[in-house]
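Chemist: Contents of start.pdb (PDB, C-alpha atoms, pLDDT in the B column) are below:
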```pdb
ATOM      1  CA  ASN A  85      -3.382 -11.230  18.766  1.00 66.00           C
ATOM      2  CA  ALA A  86      -1.718 -14.447  17.616  1.00 75.00           C
ATOM      3  CA  SER A  87       0.242 -12.795  14.809  1.00 71.00           C
ATOM      4  CA  MET A  88       1.802 -10.208  17.113  1.00 74.00           C
ATOM      5  CA  ARG A  89       2.585 -12.882  19.694  1.00 80.00           C
ATOM      6  CA  ARG A  90       4.442 -14.933  17.056  1.00 80.00           C
ATOM      7  CA  LYS A  91       6.416 -11.866  15.978  1.00 78.00           C
ATOM      8  CA  ILE A  92       7.396 -11.026  19.541  1.00 81.00           C
ATOM      9  CA  LEU A  93       8.475 -14.588  20.304  1.00 81.00           C
ATOM     10  CA  ASN A  94      10.442 -14.724  17.068  1.00 80.00           C
ATOM     11  CA  GLN A  95      12.183 -11.439  17.913  1.00 80.00           C
ATOM     12  CA  LEU A  96      13.058 -12.767  21.357  1.00 81.00           C
ATOM     13  CA  SER A  97      14.866 -15.670  19.733  1.00 80.00           C
ATOM     14  CA  VAL A  98      16.720 -13.662  17.068  1.00 81.00           C
ATOM     15  CA  SER A  99      17.551 -10.465  18.964  1.00 81.00           C
ATOM     16  CA  GLY A 100      19.517 -11.991  21.823  1.00 81.00           C
ATOM     17  CA  VAL A 101      17.151 -10.865  24.578  1.00 82.00           C
ATOM     18  CA  LYS A 102      15.694 -13.452  26.909  1.00 84.00           C
ATOM     19  CA  THR A 103      12.496 -11.881  28.236  1.00 85.00           C
ATOM     20  CA  ILE A 104       9.776  -9.415  27.258  1.00 85.00           C
ATOM     21  CA  ALA A 105      10.969  -7.149  30.075  1.00 89.00           C
ATOM     22  CA  GLU A 106      14.492  -7.142  28.641  1.00 87.00           C
ATOM     23  CA  MET A 107      13.110  -6.426  25.168  1.00 86.00           C
ATOM     24  CA  THR A 108      11.003  -3.568  26.574  1.00 88.00           C
ATOM     25  CA  HIS A 109      14.060  -2.055  28.231  1.00 89.00           C
ATOM     26  CA  LYS A 110      16.039  -2.337  24.988  1.00 86.00           C
ATOM     27  CA  VAL A 111      13.197  -0.729  23.013  1.00 86.00           C
ATOM     28  CA  LEU A 112      13.090   2.197  25.452  1.00 90.00           C
ATOM     29  CA  THR A 113      16.860   2.742  25.606  1.00 90.00           C
ATOM     30  CA  ASN A 114      18.115   1.823  22.134  1.00 88.00           C
ATOM     31  CA  PRO A 115      16.573   3.851  19.274  1.00 84.00           C
ATOM     32  CA  ASP A 116      18.186   1.642  16.608  1.00 83.00           C
ATOM     33  CA  PHE A 117      16.736  -1.510  18.164  1.00 83.00           C
ATOM     34  CA  PHE A 118      13.332   0.168  18.382  1.00 82.00           C
ATOM     35  CA  ALA A 119      13.457   1.221  14.706  1.00 76.00           C
ATOM     36  CA  GLU A 120      14.485  -2.263  13.607  1.00 78.00           C
ATOM     37  CA  LEU A 121      11.770  -3.891  15.698  1.00 79.00           C
ATOM     38  CA  LEU A 122       9.159  -1.498  14.382  1.00 75.00           C
ATOM     39  CA  GLN A 123      10.102  -2.338  10.780  1.00 71.00           C
ATOM     40  CA  LYS A 124       9.775  -6.042  11.505  1.00 74.00           C
ATOM     41  CA  PHE A 125       6.427  -5.639  13.255  1.00 72.00           C
ATOM     42  CA  SER A 126       4.886  -3.530  10.517  1.00 66.00           C
ATOM     43  CA  THR A 127       4.260  -6.416   8.175  1.00 62.00           C
ATOM     44  CA  THR A 128       2.508  -5.409   5.005  1.00 65.00           C
ATOM     45  CA  VAL A 129      -0.631  -7.261   3.985  1.00 71.00           C
ATOM     46  CA  THR A 130      -1.949  -5.788   0.791  1.00 83.00           C
ATOM     47  CA  GLU A 131      -3.342  -6.545  -2.631  1.00 91.00           C
ATOM     48  CA  MET A 132      -4.717  -4.472  -5.486  1.00 95.00           C
ATOM     49  CA  PHE A 133      -8.509  -4.090  -5.192  1.00 96.00           C
ATOM     50  CA  ARG A 134      -8.267  -6.408  -2.138  1.00 92.00           C
ATOM     51  CA  ASP A 135     -11.846  -5.827  -0.979  1.00 92.00           C
ATOM     52  CA  ALA A 136     -13.819  -5.705  -4.205  1.00 92.00           C
ATOM     53  CA  ALA A 137     -17.071  -4.585  -2.544  1.00 93.00           C
ATOM     54  CA  PHE A 138     -15.260  -1.669  -0.909  1.00 94.00           C
ATOM     55  CA  TYR A 139     -13.750  -0.530  -4.219  1.00 96.00           C
ATOM     56  CA  LYS A 140     -17.059  -0.985  -6.006  1.00 95.00           C
ATOM     57  CA  ALA A 141     -18.657   1.307  -3.407  1.00 95.00           C
ATOM     58  CA  ILE A 142     -15.936   3.897  -3.976  1.00 95.00           C
ATOM     59  CA  ARG A 143     -16.582   3.638  -7.699  1.00 95.00           C
ATOM     60  CA  THR A 144     -20.360   4.057  -7.387  1.00 95.00           C
ATOM     61  CA  VAL A 145     -20.779   6.321  -4.337  1.00 96.00           C
ATOM     62  CA  ILE A 146     -17.601   8.319  -3.716  1.00 96.00           C
ATOM     63  CA  ILE A 147     -16.291   8.974  -7.227  1.00 97.00           C
ATOM     64  CA  PRO A 148     -19.530  10.648  -8.411  1.00 97.00           C
ATOM     65  CA  GLN A 149     -19.145  13.045  -5.469  1.00 97.00           C
ATOM     66  CA  LEU A 150     -15.474  13.668  -6.283  1.00 97.00           C
ATOM     67  CA  LYS A 151     -16.448  14.564  -9.848  1.00 97.00           C
ATOM     68  CA  THR A 152     -18.173  17.673  -8.461  1.00 97.00           C
ATOM     69  CA  TYR A 153     -14.877  19.107  -7.163  1.00 97.00           C
ATOM     70  CA  PRO A 154     -12.326  20.935  -9.314  1.00 97.00           C
ATOM     71  CA  PHE A 155      -9.466  19.456  -7.220  1.00 98.00           C
ATOM     72  CA  PHE A 156      -9.334  17.015  -4.335  1.00 97.00           C
ATOM     73  CA  LYS A 157      -6.831  15.218  -2.143  1.00 98.00           C
ATOM     74  CA  ILE A 158      -6.901  11.633  -0.924  1.00 97.00           C
ATOM     75  CA  TRP A 159      -4.816  10.295   1.937  1.00 97.00           C
ATOM     76  CA  ILE A 160      -4.112   6.593   2.154  1.00 95.00           C
ATOM     77  CA  ALA A 161      -2.652   6.021   5.610  1.00 91.00           C
ATOM     78  CA  GLY A 162      -0.851   2.715   5.964  1.00 88.00           C
ATOM     79  CA  CYS A 163      -0.342   2.288   2.222  1.00 91.00           C
ATOM     80  CA  ALA A 164       2.089  -0.631   2.677  1.00 89.00           C
ATOM     81  CA  THR A 165       3.629  -1.430  -0.709  1.00 92.00           C
ATOM     82  CA  GLY A 166       1.240   0.834  -2.597  1.00 94.00           C
ATOM     83  CA  GLU A 167      -1.394  -1.464  -4.019  1.00 95.00           C
ATOM     84  CA  GLU A 168      -4.297   0.480  -2.496  1.00 95.00           C
ATOM     85  CA  ALA A 169      -2.946   3.787  -3.771  1.00 97.00           C
ATOM     86  CA  TYR A 170      -2.583   2.408  -7.282  1.00 98.00           C
ATOM     87  CA  SER A 171      -6.053   0.838  -7.107  1.00 97.00           C
ATOM     88  CA  ILE A 172      -7.543   4.250  -6.294  1.00 97.00           C
ATOM     89  CA  ALA A 173      -5.463   5.876  -9.050  1.00 98.00           C
ATOM     90  CA  ILE A 174      -6.794   3.379 -11.599  1.00 97.00           C
ATOM     91  CA  MET A 175     -10.409   4.048 -10.609  1.00 97.00           C
ATOM     92  CA  LEU A 176      -9.919   7.810 -10.741  1.00 98.00           C
ATOM     93  CA  LYS A 177      -8.250   7.496 -14.150  1.00 97.00           C
ATOM     94  CA  GLU A 178     -11.171   5.449 -15.467  1.00 97.00           C
ATOM     95  CA  ALA A 179     -13.570   8.087 -14.140  1.00 97.00           C
ATOM     96  CA  GLY A 180     -11.615  10.804 -15.966  1.00 97.00           C
ATOM     97  CA  ILE A 181     -10.705  12.731 -12.801  1.00 98.00           C
ATOM     98  CA  TYR A 182      -7.213  11.493 -11.952  1.00 98.00           C
ATOM     99  CA  ASP A 183      -5.618  14.708 -13.209  1.00 97.00           C
ATOM    100  CA  ARG A 184      -7.652  16.688 -10.648  1.00 97.00           C
ATOM    101  CA  CYS A 185      -6.309  14.905  -7.584  1.00 97.00           C
ATOM    102  CA  GLN A 186      -3.314  14.464  -5.343  1.00 98.00           C
ATOM    103  CA  ILE A 187      -2.967  11.138  -3.543  1.00 98.00           C
ATOM    104  CA  TYR A 188      -0.892  11.069  -0.380  1.00 97.00           C
ATOM    105  CA  ALA A 189       0.162   7.526   0.444  1.00 96.00           C
ATOM    106  CA  THR A 190       1.916   7.145   3.773  1.00 95.00           C
ATOM    107  CA  ASP A 191       3.301   4.296   5.799  1.00 91.00           C
ATOM    108  CA  LEU A 192       5.580   3.727   8.738  1.00 85.00           C
ATOM    109  CA  ASN A 193       7.598   1.000   7.028  1.00 84.00           C
ATOM    110  CA  LYS A 194      10.302   2.621   4.892  1.00 85.00           C
ATOM    111  CA  LYS A 195      11.111  -0.594   3.024  1.00 85.00           C
ATOM    112  CA  SER A 196       7.481  -0.925   2.011  1.00 88.00           C
ATOM    113  CA  LEU A 197       7.472   2.685   0.800  1.00 92.00           C
ATOM    114  CA  ILE A 198      10.449   2.025  -1.464  1.00 93.00           C
ATOM    115  CA  ALA A 199       8.533  -0.861  -3.044  1.00 92.00           C
ATOM    116  CA  ALA A 200       5.436   1.335  -3.322  1.00 95.00           C
ATOM    117  CA  LYS A 201       7.321   4.108  -5.128  1.00 96.00           C
ATOM    118  CA  ASP A 202       8.789   1.578  -7.555  1.00 96.00           C
ATOM    119  CA  GLY A 203       5.364   0.139  -8.386  1.00 96.00           C
ATOM    120  CA  ILE A 204       6.890  -3.197  -9.369  1.00 96.00           C
ATOM    121  CA  TYR A 205       5.089  -6.366  -8.363  1.00 95.00           C
ATOM    122  CA  PRO A 206       5.655 -10.064  -9.086  1.00 95.00           C
ATOM    123  CA  VAL A 207       3.855 -11.015 -12.274  1.00 95.00           C
ATOM    124  CA  ALA A 208       2.500 -14.057 -10.418  1.00 94.00           C
ATOM    125  CA  LEU A 209       0.178 -11.683  -8.512  1.00 94.00           C
ATOM    126  CA  ILE A 210      -1.345 -10.146 -11.644  1.00 94.00           C
ATOM    127  CA  GLN A 211      -3.998 -12.838 -12.106  1.00 94.00           C
ATOM    128  CA  THR A 212      -5.313 -12.159  -8.574  1.00 95.00           C
ATOM    129  CA  TYR A 213      -5.110  -8.396  -9.129  1.00 96.00           C
ATOM    130  CA  THR A 214      -6.985  -8.728 -12.428  1.00 96.00           C
ATOM    131  CA  THR A 215      -9.740 -10.824 -10.828  1.00 96.00           C
ATOM    132  CA  ASN A 216     -10.074  -8.314  -7.982  1.00 96.00           C
ATOM    133  CA  TYR A 217     -10.134  -5.420 -10.464  1.00 97.00           C
ATOM    134  CA  LEU A 218     -12.974  -6.988 -12.446  1.00 96.00           C
ATOM    135  CA  LYS A 219     -14.973  -7.795  -9.286  1.00 96.00           C
ATOM    136  CA  ALA A 220     -14.534  -4.151  -8.231  1.00 96.00           C
ATOM    137  CA  GLY A 221     -16.192  -2.993 -11.453  1.00 95.00           C
ATOM    138  CA  GLY A 222     -13.080  -2.374 -13.546  1.00 95.00           C
ATOM    139  CA  THR A 223     -13.969  -1.116 -17.009  1.00 90.00           C
ATOM    140  CA  ASN A 224     -10.737  -1.512 -18.968  1.00 94.00           C
ATOM    141  CA  ASP A 225      -8.282  -4.285 -19.648  1.00 95.00           C
ATOM    142  CA  PHE A 226      -6.164  -4.449 -16.474  1.00 96.00           C
ATOM    143  CA  SER A 227      -3.067  -5.000 -18.636  1.00 95.00           C
ATOM    144  CA  ASP A 228      -3.429  -1.374 -19.800  1.00 96.00           C
ATOM    145  CA  TYR A 229      -1.955  -0.322 -16.446  1.00 96.00           C
ATOM    146  CA  TYR A 230       1.322  -2.240 -16.461  1.00 97.00           C
ATOM    147  CA  THR A 231       4.097  -3.678 -18.569  1.00 96.00           C
ATOM    148  CA  THR A 232       5.927  -6.889 -17.866  1.00 95.00           C
ATOM    149  CA  GLN A 233       9.635  -7.408 -17.693  1.00 93.00           C
ATOM    150  CA  TYR A 234      11.116 -10.744 -16.701  1.00 91.00           C
ATOM    151  CA  HIS A 235       9.006 -11.879 -13.723  1.00 94.00           C
ATOM    152  CA  ASN A 236       7.681  -8.446 -12.790  1.00 96.00           C
ATOM    153  CA  ALA A 237       4.731  -6.238 -13.619  1.00 96.00           C
ATOM    154  CA  ILE A 238       5.727  -2.574 -13.681  1.00 97.00           C
ATOM    155  CA  LEU A 239       2.884  -0.132 -13.142  1.00 96.00           C
ATOM    156  CA  SER A 240       2.493   2.715 -15.592  1.00 96.00           C
ATOM    157  CA  SER A 241       4.297   5.953 -14.763  1.00 95.00           C
ATOM    158  CA  GLU A 242       0.998   7.654 -15.596  1.00 95.00           C
ATOM    159  CA  LEU A 243      -0.485   6.073 -12.453  1.00 96.00           C
ATOM    160  CA  LYS A 244       2.434   7.262 -10.323  1.00 96.00           C
ATOM    161  CA  LYS A 245       2.410  10.922 -11.327  1.00 96.00           C
ATOM    162  CA  ASN A 246      -0.174  12.113  -8.776  1.00 97.00           C
ATOM    163  CA  ILE A 247       0.848   9.869  -5.893  1.00 98.00           C
ATOM    164  CA  LEU A 248       3.208  11.166  -3.223  1.00 97.00           C
ATOM    165  CA  PHE A 249       4.627   8.354  -1.085  1.00 96.00           C
ATOM    166  CA  SER A 250       5.947   9.458   2.278  1.00 96.00           C
ATOM    167  CA  ALA A 251       6.916   8.039   5.668  1.00 91.00           C
ATOM    168  CA  HIS A 252       4.436   8.914   8.374  1.00 89.00           C
ATOM    169  CA  ASN A 253       3.732   7.522  11.824  1.00 80.00           C
ATOM    170  CA  LEU A 254       0.046   7.781  12.676  1.00 77.00           C
ATOM    171  CA  ALA A 255       0.833   7.434  16.375  1.00 73.00           C
TER
END
```
Could you quickly redo this structure as structure tokens?
Modeler:
Amino acid sequence: NASMRRKILNQLSVSGVKTIAEMTHKVLTNPDFFAELLQKFSTTVTEMFRDAAFYKAIRTVIIPQLKTYPFFKIWIAGCATGEEAYSIAIMLKEAGIYDRCQIYATDLNKKSLIAAKDGIYPVALIQTYTTNYLKAGGTNDFSDYYTTQYHNAILSSELKKNILFSAHNLA
């Protein structure tokens, strides 16, 4: 795709290799180069309640089913910087079943996982997150789930308690 092509061409210019074949050889023979390249290629595209219809369906179809279980686990593969994991946590909390779950949130990108564990996002994103939350059927005031400090929104530690962030390569 066009995005991957741009990333590859950019890496050719900044990594000191001249051709795709040379880059391929370096990837196969230099584990550090491979790890660095992988981090750069695993760009995170995420947003809380990003697909409102999807989250609304979880709220109306999946959560009623989860309520029938005494304990359940959810795995969010490719969690990026954590917004999806926290979105699920908020919905489960509103449904009164967050204390009965364990959320596993995994990603390949270790830098993204650090951001996910911190649960700190630019306050400039909160208006979008709030709009998405409401479109997804949110029932509370979205500001109940974070505090602000300087230019950041810090998610509640209550949301973090049942989320385990971990590095994992799906391949």
Chemist: Every residue with an atom at most 8 Å from (-11.6, -0.7, -7.4) (file coordinates; all atoms listed in the file) is what I'm after, so could you write them as a VMD selection string?
Modeler: chain A and resid 133 136 138 to 140 142 to 143 171 to 172 174 to 175 216 to 217 220 to 222
Chemist: Taking the point (9.0, 2.1, 9.6) as given in the file, collect each protein or nucleic acid residue that comes within 12 Å of it, counting all atoms listed in the file, and present the set as a ChimeraX atom specification.
Modeler: /A:116,118-128,162-164,190-198,250-255
Chemist: Mind pulling up the distance from atom CA of A:Lys219 to atom CA of A:Tyr153?
Modeler: 27.0 Å
Chemist: Output the residue selection produced by the PyMOL selection byres ((chain A and resi 181-185) around 12) on the file above, formatted as a PyMOL selection string.
Modeler: chain A and resi 143+147-159+170-180+186-188+242-248
Chemist: Quick one: write out the picked residues with C-alpha atoms as a CSV table (one decimal), keeping the file's coordinate frame?
Modeler:
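Output saved as selection_31.csv:
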```csv
chain,number,residue,atom,x,y,z
A,143,ARG,CA,-16.6,3.6,-7.7
A,147,ILE,CA,-16.3,9.0,-7.2
A,148,PRO,CA,-19.5,10.6,-8.4
A,149,GLN,CA,-19.1,13.0,-5.5
A,150,LEU,CA,-15.5,13.7,-6.3
A,151,LYS,CA,-16.4,14.6,-9.8
A,152,THR,CA,-18.2,17.7,-8.5
A,153,TYR,CA,-14.9,19.1,-7.2
A,154,PRO,CA,-12.3,20.9,-9.3
A,155,PHE,CA,-9.5,19.5,-7.2
A,156,PHE,CA,-9.3,17.0,-4.3
A,157,LYS,CA,-6.8,15.2,-2.1
A,158,ILE,CA,-6.9,11.6,-0.9
A,159,TRP,CA,-4.8,10.3,1.9
A,170,TYR,CA,-2.6,2.4,-7.3
A,171,SER,CA,-6.1,0.8,-7.1
A,172,ILE,CA,-7.5,4.2,-6.3
A,173,ALA,CA,-5.5,5.9,-9.0
A,174,ILE,CA,-6.8,3.4,-11.6
A,175,MET,CA,-10.4,4.0,-10.6
A,176,LEU,CA,-9.9,7.8,-10.7
A,177,LYS,CA,-8.2,7.5,-14.2
A,178,GLU,CA,-11.2,5.4,-15.5
A,179,ALA,CA,-13.6,8.1,-14.1
A,180,GLY,CA,-11.6,10.8,-16.0
A,186,GLN,CA,-3.3,14.5,-5.3
A,187,ILE,CA,-3.0,11.1,-3.5
A,188,TYR,CA,-0.9,11.1,-0.4
A,242,GLU,CA,1.0,7.7,-15.6
A,243,LEU,CA,-0.5,6.1,-12.5
A,244,LYS,CA,2.4,7.3,-10.3
A,245,LYS,CA,2.4,10.9,-11.3
A,246,ASN,CA,-0.2,12.1,-8.8
A,247,ILE,CA,0.8,9.9,-5.9
A,248,LEU,CA,3.2,11.2,-3.2
```
Chemist: The PyMOL selection byres ((chain A and resi 240) around 9) - which residues does that actually catch in the file I just gave you? List them as a PyMOL selection string.
Modeler: chain A and resi 203+228-231+238-239+241-244
Chemist: Could you work out how far atom CA of A:Gly100 lies from atom CA of A:Thr113, giving the answer in Å with one decimal?
Modeler: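 Atom-to-atom, atom CA of A:Thr113 and atom CA of A:Gly100 are spaced 15.4 Å apart.
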Chemist: Kindly compute an axis-aligned box around the listed atoms of stretch 182-201 of chain A, allowing 6 Å on each side, and express its centre and edge lengths in Å to one decimal as AutoDock Vina command-line options.
Modeler:
```
--center_x 1.7 --center_y 7.9 --center_z -2.2 --size_x 30.8 --size_y 29.6 --size_z 33.9
```
Chemist: I want to know what sits within 12 Å of A:Thr108, based on all atoms listed in the file, with residues of the same chain fewer than 5 positions away left out; could you give that as an mmCIF file with C-alpha atoms, keeping the file's coordinate frame?
Modeler:
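Listing of out_25.cif after writing:
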```
data_model
loop_
_atom_site.group_PDB
_atom_site.id
_atom_site.type_symbol
_atom_site.label_atom_id
_atom_site.label_comp_id
_atom_site.auth_asym_id
_atom_site.auth_seq_id
_atom_site.Cartn_x
_atom_site.Cartn_y
_atom_site.Cartn_z
ATOM 1 C CA ILE A 92 7.396 -11.026 19.541
ATOM 2 C CA GLN A 95 12.183 -11.439 17.913
ATOM 3 C CA LEU A 96 13.058 -12.767 21.357
ATOM 4 C CA VAL A 101 17.151 -10.865 24.578
ATOM 5 C CA LYS A 102 15.694 -13.452 26.909
ATOM 6 C CA THR A 103 12.496 -11.881 28.236
ATOM 7 C CA THR A 113 16.860 2.742 25.606
ATOM 8 C CA ASN A 114 18.115 1.823 22.134
ATOM 9 C CA PRO A 115 16.573 3.851 19.274
ATOM 10 C CA PHE A 117 16.736 -1.510 18.164
ATOM 11 C CA PHE A 118 13.332 0.168 18.382
ATOM 12 C CA LEU A 121 11.770 -3.891 15.698
#
```
Chemist: Of the candidates A:Ala200, A:Ala237, A:Ala105, A:Ile146, which one gets nearest to A:Tyr213 if we count only C-alpha atoms?
Modeler: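 Result for the nearest residue to A:Tyr213: A:Ala237.
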Chemist: Closest to A:Phe249 among A:Ile210, A:Leu112, A:Ile204, A:Ala199, using only C-alpha atoms?
Modeler: A:Ala199
Chemist: Compare A:Val207, A:Ile160, A:Asp135, A:Lys201 by their minimum atom-to-atom distance to A:Ala189, counting all atoms listed in the file, and give me the closest one.
Modeler: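 Selected residue with least distance to A:Ala189: A:Ile160.
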Chemist: Expressed in Å to a single decimal, how great is the separation between atom CA of A:Glu106 and atom CA of A:Val129?
Modeler: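 Between atom CA of A:Glu106 and atom CA of A:Val129 the gap works out to 28.9 Å.
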Chemist: Between A:Ala169, A:Ala161, A:Met88, A:Ile104, which one has atoms that come closest to A:Arg134, using all atoms listed in the file?
Modeler: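 Among A:Ala169, A:Ala161, A:Met88, A:Ile104, it is A:Ala169 that comes nearest to A:Arg134.
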Chemist: Point out the residue among A:Thr214, A:Ser97, A:Thr144, A:Thr165 with the least atom-to-atom distance to A:Asp202, counting all atoms listed in the file.
Modeler: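 For A:Asp202, the nearest of the candidates is A:Thr165.
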